[in-house]
>>> print(open('run-v9.csv').read())   # CSV, C-alpha atoms
chain,number,residue,atom,x,y,z
A,6,MET,CA,107.9,79.1,121.2
A,7,SER,CA,104.4,80.6,120.7
A,8,THR,CA,101.7,81.1,123.2
A,9,ALA,CA,99.6,78.8,121.1
A,10,THR,CA,99.6,76.1,123.8
A,11,THR,CA,97.2,78.1,126.0
A,12,TRP,CA,94.6,79.0,123.4
A,13,ASN,CA,91.1,77.6,123.2
A,14,VAL,CA,88.7,77.5,120.3
A,15,GLY,CA,86.9,80.8,120.0
A,16,ASP,CA,89.6,82.9,121.6
A,17,VAL,CA,90.0,86.2,119.9
A,18,LEU,CA,93.7,87.2,119.7
A,19,PRO,CA,94.9,90.8,120.1
A,20,ALA,CA,94.7,92.9,117.0
A,21,LYS,CA,97.6,94.7,115.5
A,22,THR,CA,97.7,97.7,113.2
A,23,TYR,CA,100.1,98.0,110.2
A,24,VAL,CA,100.6,101.0,108.0
A,25,ILE,CA,100.5,100.9,104.2
A,26,ASN,CA,101.7,103.9,102.3
A,27,ARG,CA,103.2,104.6,98.9
A,28,ALA,CA,106.8,104.2,100.1
A,29,ALA,CA,106.0,100.8,101.6
A,30,LEU,CA,104.5,99.7,98.2
A,31,VAL,CA,107.7,100.8,96.4
A,32,ALA,CA,109.8,98.9,98.9
A,33,TYR,CA,107.6,95.8,98.5
A,34,ALA,CA,107.8,96.0,94.7
A,35,ASN,CA,111.6,96.1,94.8
A,36,ALA,CA,111.9,93.3,97.3
A,37,SER,CA,109.3,91.0,95.7
A,38,GLY,CA,110.0,91.8,92.0
A,39,ASP,CA,106.3,92.7,91.4
A,40,GLN,CA,106.7,96.0,89.6
A,41,ASN,CA,103.1,96.3,88.2
A,42,PRO,CA,102.6,100.0,87.9
A,43,ILE,CA,99.0,99.9,89.4
A,44,HIS,CA,100.9,99.6,92.7
A,45,GLN,CA,103.0,102.7,92.2
A,46,ASN,CA,101.8,105.0,89.5
A,47,GLU,CA,98.6,106.9,90.2
A,48,GLU,CA,98.1,108.0,86.6
A,49,PHE,CA,98.5,104.5,85.3
A,50,ALA,CA,96.2,103.0,88.0
A,51,LYS,CA,93.5,105.5,87.1
A,52,SER,CA,94.0,104.8,83.4
A,53,VAL,CA,93.0,101.2,83.9
A,54,GLY,CA,89.9,102.1,85.9
A,55,LEU,CA,91.1,101.9,89.4
A,56,GLU,CA,90.2,104.6,92.0
A,57,ASN,CA,93.9,105.2,92.8
A,58,VAL,CA,97.1,103.2,93.4
A,59,ILE,CA,96.2,99.9,95.1
A,60,ALA,CA,98.4,97.8,97.4
A,61,HIS,CA,99.8,94.5,96.1
A,62,GLY,CA,97.4,91.8,97.4
A,63,MET,CA,100.6,90.0,98.4
A,64,PHE,CA,101.8,93.0,100.4
A,65,THR,CA,98.6,93.0,102.4
A,66,MET,CA,98.8,89.2,102.8
A,67,GLY,CA,102.5,89.6,103.7
A,68,LEU,CA,101.6,91.9,106.6
A,69,VAL,CA,99.0,89.5,107.8
A,70,GLY,CA,101.7,86.8,107.5
A,71,ARG,CA,103.9,88.9,109.8
A,72,TYR,CA,101.1,89.0,112.3
A,73,VAL,CA,100.7,85.2,112.0
A,74,SER,CA,104.5,84.7,112.4
A,75,GLY,CA,104.4,86.8,115.5
A,76,LEU,CA,101.6,84.7,117.0
A,77,ALA,CA,103.4,81.5,116.0
A,78,GLY,CA,106.7,82.4,117.6
A,79,GLY,CA,108.5,82.8,114.2
A,80,SER,CA,107.8,82.1,110.5
A,81,ALA,CA,109.3,78.6,110.9
A,82,ASN,CA,106.1,77.6,112.7
A,83,VAL,CA,103.7,78.7,110.0
A,84,GLN,CA,102.5,75.6,108.1
A,85,GLU,CA,99.7,76.9,106.0
A,86,PHE,CA,98.5,80.3,105.0
A,87,SER,CA,95.7,81.3,102.6
A,88,ALA,CA,93.5,84.2,101.6
A,89,ARG,CA,91.2,85.6,99.0
A,90,PHE,CA,91.7,89.1,97.8
A,91,THR,CA,88.2,90.4,98.0
A,92,LYS,CA,88.6,94.2,98.1
A,93,PRO,CA,91.6,96.4,97.0
A,94,VAL,CA,93.5,98.4,99.5
A,95,VAL,CA,93.5,101.9,98.0
A,96,VAL,CA,96.6,104.0,98.8
A,97,PRO,CA,96.3,107.7,98.0
A,98,ALA,CA,99.5,109.8,97.9
A,99,ASP,CA,100.7,111.1,101.3
A,100,VAL,CA,98.3,108.9,103.3
A,101,ASP,CA,99.1,106.2,105.8
A,102,VAL,CA,96.4,103.6,105.4
A,103,GLU,CA,95.8,101.5,108.5
A,104,LEU,CA,95.4,97.7,108.2
A,105,ILE,CA,94.0,96.2,111.3
A,106,VAL,CA,94.6,92.4,111.6
A,107,SER,CA,93.2,90.0,114.1
A,108,ALA,CA,92.7,86.3,114.6
A,109,THR,CA,90.2,83.9,116.1
A,110,VAL,CA,91.3,80.4,117.2
A,111,ALA,CA,89.2,78.1,114.9
A,112,GLU,CA,90.6,74.6,115.8
A,113,VAL,CA,93.1,73.2,118.2
A,114,SER,CA,94.7,69.8,117.6
A,115,ASP,CA,97.7,68.0,119.1
A,116,GLY,CA,100.3,69.5,116.9
A,117,SER,CA,98.7,72.6,115.4
A,118,VAL,CA,96.3,75.4,115.7
A,119,ARG,CA,94.1,76.8,112.9
A,120,LEU,CA,93.4,80.5,112.9
A,121,ASP,CA,90.7,82.5,111.1
A,122,LEU,CA,92.2,85.9,110.2
A,123,THR,CA,90.6,89.2,109.6
A,124,ALA,CA,92.2,92.2,107.8
A,125,ILE,CA,90.3,95.5,107.8
A,126,CYS,CA,91.0,98.8,106.1
A,127,ASN,CA,88.7,101.8,106.5
A,128,ASP,CA,86.1,99.6,108.1
A,129,THR,CA,86.1,97.2,105.2
A,130,LYS,CA,87.3,93.6,105.2
A,131,VAL,CA,89.9,93.4,102.4
A,132,LEU,CA,90.7,89.6,102.6
A,133,GLY,CA,88.2,86.8,102.6
A,134,MET,CA,88.6,83.2,103.9
A,135,ALA,CA,92.0,84.2,105.4
A,136,LYS,CA,93.3,81.2,107.4
A,137,ALA,CA,96.6,80.0,108.8
A,138,VAL,CA,97.7,76.8,110.4
A,139,ILE,CA,100.6,77.2,112.9
A,140,ARG,CA,102.6,74.7,114.9
A,141,ARG,CA,101.7,74.6,118.6
B,30,MET,CA,92.2,82.3,75.9
B,31,LEU,CA,94.2,79.5,77.4
B,32,ASN,CA,94.5,76.3,75.4
B,33,PRO,CA,92.4,73.8,77.5
B,34,ASP,CA,94.9,71.1,76.7
B,35,LEU,CA,97.4,72.9,79.1
B,36,VAL,CA,95.2,72.2,82.1
B,37,GLY,CA,97.0,69.6,84.1
B,38,HIS,CA,100.3,70.3,82.3
B,39,THR,CA,103.4,70.8,84.5
B,40,PHE,CA,106.1,73.3,83.4
B,41,ASN,CA,109.3,72.2,85.2
B,42,GLY,CA,111.6,75.1,86.1
B,43,VAL,CA,114.8,74.9,84.1
B,44,GLU,CA,117.0,76.9,86.5
B,45,SER,CA,117.3,76.7,90.3
B,46,THR,CA,117.4,79.8,92.4
B,47,THR,CA,119.8,80.0,95.3
B,48,ILE,CA,118.1,81.7,98.2
B,49,THR,CA,120.4,84.4,99.7
B,50,SER,CA,120.2,85.9,103.2
B,51,GLU,CA,120.0,89.3,101.4
B,52,SER,CA,116.9,88.4,99.5
B,53,ILE,CA,115.2,87.1,102.6
B,54,ALA,CA,116.3,90.2,104.6
B,55,ALA,CA,115.0,92.5,101.8
B,56,PHE,CA,111.6,90.8,101.6
B,57,ALA,CA,111.3,90.7,105.4
B,58,ALA,CA,112.3,94.4,105.7
B,59,ALA,CA,109.6,95.4,103.1
B,60,LEU,CA,107.0,93.7,105.4
B,61,GLY,CA,108.6,95.2,108.6
B,62,GLU,CA,109.5,91.7,109.8
B,63,SER,CA,112.7,91.7,111.9
B,64,ASN,CA,112.9,88.0,112.6
B,65,ILE,CA,114.8,86.6,109.6
B,66,GLU,CA,115.9,83.2,110.9
B,67,VAL,CA,113.8,81.8,108.0
B,68,ALA,CA,111.9,83.5,105.2
B,69,PRO,CA,108.5,85.0,105.9
B,70,PRO,CA,105.6,82.6,105.0
B,71,THR,CA,104.7,84.5,101.8
B,72,PHE,CA,108.3,84.5,100.5
B,73,ALA,CA,107.6,81.7,98.0
B,74,ILE,CA,105.6,84.1,95.9
B,75,THR,CA,108.9,85.8,94.8
B,76,ILE,CA,109.7,82.6,93.0
B,77,SER,CA,106.3,81.2,92.1
B,78,LEU,CA,104.7,84.3,90.6
B,79,GLU,CA,107.5,85.0,88.2
B,80,GLN,CA,107.3,81.4,87.0
B,81,SER,CA,103.5,81.6,86.6
B,82,GLN,CA,103.9,84.8,84.6
B,83,SER,CA,106.3,83.3,82.3
B,84,VAL,CA,104.2,80.1,81.8
B,85,LEU,CA,100.9,82.0,81.3
B,86,GLN,CA,102.4,84.7,79.1
B,87,SER,CA,104.0,82.1,76.8
B,88,SER,CA,100.5,80.4,76.8
B,89,GLY,CA,99.0,83.6,75.4
B,90,LEU,CA,97.5,85.3,78.4
B,91,ASN,CA,97.9,89.0,78.8
B,92,TRP,CA,99.7,89.8,82.1
B,93,ASP,CA,98.6,93.5,81.8
B,94,ARG,CA,95.1,92.4,82.6
B,95,VAL,CA,95.9,90.2,85.6
B,96,VAL,CA,94.4,90.5,89.1
B,97,HIS,CA,95.4,88.2,92.0
B,98,GLY,CA,92.2,86.3,93.1
B,99,ASP,CA,93.4,84.2,95.9
B,100,GLN,CA,96.6,82.6,97.3
B,101,LYS,CA,97.5,79.6,99.4
B,102,PHE,CA,100.8,78.4,100.8
B,103,VAL,CA,101.6,75.0,102.3
B,104,ILE,CA,105.0,75.1,103.9
B,105,SER,CA,106.7,71.8,104.7
B,106,GLU,CA,110.1,73.2,105.3
B,107,PRO,CA,110.7,76.9,106.0
B,108,ILE,CA,112.8,78.5,103.3
B,109,ARG,CA,116.3,79.4,104.4
B,110,ALA,CA,119.3,81.1,102.9
B,111,GLY,CA,121.5,78.6,101.0
B,112,MET,CA,118.6,76.5,99.7
B,113,GLN,CA,118.6,75.8,96.0
B,114,ILE,CA,115.0,76.0,94.8
B,115,THR,CA,113.5,74.9,91.6
B,116,CYS,CA,109.9,75.8,90.8
B,117,ASN,CA,107.6,73.4,89.0
B,118,SER,CA,104.3,74.9,88.0
B,119,THR,CA,101.1,73.1,87.0
B,120,ILE,CA,98.1,74.7,85.5
B,121,GLU,CA,95.4,73.1,87.8
B,122,SER,CA,92.3,74.7,86.4
B,123,ALA,CA,91.1,77.3,83.9
B,124,ARG,CA,87.6,78.6,83.5
B,125,VAL,CA,85.8,81.6,82.0
B,126,VAL,CA,83.3,83.6,84.1
B,127,ALA,CA,81.6,86.6,82.6
B,128,GLY,CA,84.4,86.9,80.1
B,129,ASN,CA,87.1,86.9,82.7
B,130,GLU,CA,89.5,83.9,82.5
B,131,ILE,CA,90.3,82.4,85.9
B,132,VAL,CA,93.4,80.3,86.1
B,133,THR,CA,94.8,78.4,89.1
B,134,VAL,CA,98.5,77.6,89.0
B,135,ARG,CA,100.1,75.3,91.6
B,136,SER,CA,103.8,75.8,92.1
B,137,ASP,CA,105.9,73.2,93.9
B,138,LEU,CA,109.2,74.6,95.2
B,139,VAL,CA,111.7,71.8,95.5
B,140,ASP,CA,115.1,71.8,97.0
B,141,ALA,CA,118.3,70.3,95.8
B,142,ALA,CA,117.3,66.9,97.2
B,143,SER,CA,114.0,67.1,95.2
B,144,THR,CA,112.0,67.5,98.4
B,145,VAL,CA,109.0,69.8,98.1
B,146,VAL,CA,109.6,72.5,100.7
B,147,ALA,CA,106.6,74.6,99.9
B,148,THR,CA,103.6,74.7,97.5
B,149,SER,CA,102.0,77.9,96.4
B,150,TRP,CA,98.5,78.0,94.7
B,151,SER,CA,97.8,81.3,92.9
B,152,THR,CA,94.4,82.0,91.4
B,153,LEU,CA,94.8,84.7,88.8
B,154,VAL,CA,92.0,86.5,87.1
B,155,PHE,CA,92.6,87.8,83.6
B,156,ARG,CA,90.1,90.6,83.1
B,157,ALA,CA,88.1,90.7,79.9
>>> encode(input="run-v9.csv", output="structure tokens")
Amino acid sequence: MSTATTWNVGDVLPAKTYVINRAALVAYANASGDQNPIHQNEEFAKSVGLENVIAHGMFTMGLVGRYVSGLAGGSANVQEFSARFTKPVVVPADVDVELIVSATVAEVSDGSVRLDLTAICNDTKVLGMAKAVIRR
Amino acid sequence: MLNPDLVGHTFNGVESTTITSESIAAFAAALGESNIEVAPPTFAITISLEQSQSVLQSSGLNWDRVVHGDQKFVISEPIRAGMQITCNSTIESARVVAGNEIVTVRSDLVDAASTVVATSWSTLVFRA
């Protein structure tokens, strides 16, 4: 059961912070099957014009999904989830990059709640148009 | 460049994937998610992206140049261990902007009863 029954449009829900580092990217690559070297190999990432290794967009979105599942009282209550990958999350070696995720209640209907989501790294929004619909 | 005739074409998955509790647990663990009663909302990507890669590579696009532009999931039935999932992928649109080719693939994940449990839309940008 989520706390969604008590929310009103415009409510800003408590933010959470997640850590992204190289070890987390390797773990995500192995679990998801996405072994693109730009997410693990600094030399390769730089050779294709990137500043450094970048996180999988789907890893960042996955962490935001974890936030949404938490608000929803479990992943089974998540009905829709979307995002645009507007800025890469750059992950230098030996650094814990912080991803700060928050949500605003955008719409409340009988059966569901729509959330507008924000994901910020180093003061920059890394996802655009991030939204979720969860069961009330 | 993608053959424009392929826009609207559906590539039906030839093999089904049986979802295991191990694969859900591994994916959840990588995200730090401890509640694994059902798969995390983004789990469908582990099936849909591989299929999109195979469809688009065989259509001549260079996966080494790909960047994920945007992503949407609609989940009708949470994915659970034991489900047998087949992925049918449709190239919904393809356009060229400043030399970059932008392709949207819709992947319908269907269970053994042919019910769509989740749909994933991936917009992929193939850099010039």
>>> closest_residue(input="run-v9.csv", among="A:Thr22, A:Ser87, A:Asn82, A:Ser37", to="Met66 of chain A", atoms="only C-alpha atoms")
A:Ser87
>>> interface_residues(input="run-v9.csv", of="chain B", to="chain A", cutoff="6 Å", atoms="all atoms listed in the file", output="VMD selection string")
chain B and resid 55 to 56 59 to 60 69 to 71 75 98 to 104 107
>>> residues_around(input="run-v9.csv", residues="Thr47 of chain B", least_positions_apart="5", cutoff="12 Å", atoms="only C-alpha atoms", output="list in words")
Ser52, Ile53, Ile76, Ile108, Arg109, Ala110, Gly111, Met112, Gln113, Ile114, Thr115, Cys116, Leu138, Val139, Asp140 and Ala141 of chain B
>>> closest_residue(input="run-v9.csv", among="B:Asp34, B:Glu130, B:Asp137, B:Glu44", to="Asn91 of chain B", atoms="all atoms listed in the file")
B:Glu130
>>> atom_distance(input="run-v9.csv", atom1="atom CA of Glu112 of chain A", atom2="atom CA of Glu66 of chain B")
27.2 Å
>>> atom_distance(input="run-v9.csv", atom1="atom CA of Val94 of chain A", atom2="atom CA of Asn26 of chain A")
10.3 Å
>>> atom_distance(input="run-v9.csv", atom1="atom CA of Ala9 of chain A", atom2="atom CA of Leu76 of chain A")
7.5 Å
>>> residues_around(input="run-v9.csv", residues="Val100 of chain A", least_positions_apart="2", cutoff="8 Å", atoms="only C-alpha atoms", output="list of chain:residue names")
A:Asn26, A:Arg27, A:Val96, A:Pro97, A:Ala98, A:Val102
>>> residues_around(input="run-v9.csv", residues="Ala50 of chain A", least_positions_apart="2", cutoff="12 Å", atoms="all atoms listed in the file", output="NGL selection string")
(:A and (41-48 or 52-60 or 95-97)) or (:B and (93-94))
>>> write_last_selection(input="run-v9.csv", atoms="C-alpha atoms", output="PDB file, in the frame of the given file")
ATOM      1  CA  ASN A  41     103.100  96.300  88.200  1.00  0.00           C
ATOM      2  CA  PRO A  42     102.600 100.000  87.900  1.00  0.00           C
ATOM      3  CA  ILE A  43      99.000  99.900  89.400  1.00  0.00           C
ATOM      4  CA  HIS A  44     100.900  99.600  92.700  1.00  0.00           C
ATOM      5  CA  GLN A  45     103.000 102.700  92.200  1.00  0.00           C
ATOM      6  CA  ASN A  46     101.800 105.000  89.500  1.00  0.00           C
ATOM      7  CA  GLU A  47      98.600 106.900  90.200  1.00  0.00           C
ATOM      8  CA  GLU A  48      98.100 108.000  86.600  1.00  0.00           C
ATOM      9  CA  SER A  52      94.000 104.800  83.400  1.00  0.00           C
ATOM     10  CA  VAL A  53      93.000 101.200  83.900  1.00  0.00           C
ATOM     11  CA  GLY A  54      89.900 102.100  85.900  1.00  0.00           C
ATOM     12  CA  LEU A  55      91.100 101.900  89.400  1.00  0.00           C
ATOM     13  CA  GLU A  56      90.200 104.600  92.000  1.00  0.00           C
ATOM     14  CA  ASN A  57      93.900 105.200  92.800  1.00  0.00           C
ATOM     15  CA  VAL A  58      97.100 103.200  93.400  1.00  0.00           C
ATOM     16  CA  ILE A  59      96.200  99.900  95.100  1.00  0.00           C
ATOM     17  CA  ALA A  60      98.400  97.800  97.400  1.00  0.00           C
ATOM     18  CA  VAL A  95      93.500 101.900  98.000  1.00  0.00           C
ATOM     19  CA  VAL A  96      96.600 104.000  98.800  1.00  0.00           C
ATOM     20  CA  PRO A  97      96.300 107.700  98.000  1.00  0.00           C
TER      21      PRO A  97
ATOM     22  CA  ASP B  93      98.600  93.500  81.800  1.00  0.00           C
ATOM     23  CA  ARG B  94      95.100  92.400  82.600  1.00  0.00           C
TER      24      ARG B  94
END
>>> residues_near_point(input="run-v9.csv", point="(92.0, 79.2, 118.0)", cutoff="12 Å", atoms="all atoms listed in the file", output="PyMOL selection string")
chain A and resi 8-18+76-77+107-114+117-122+136-141
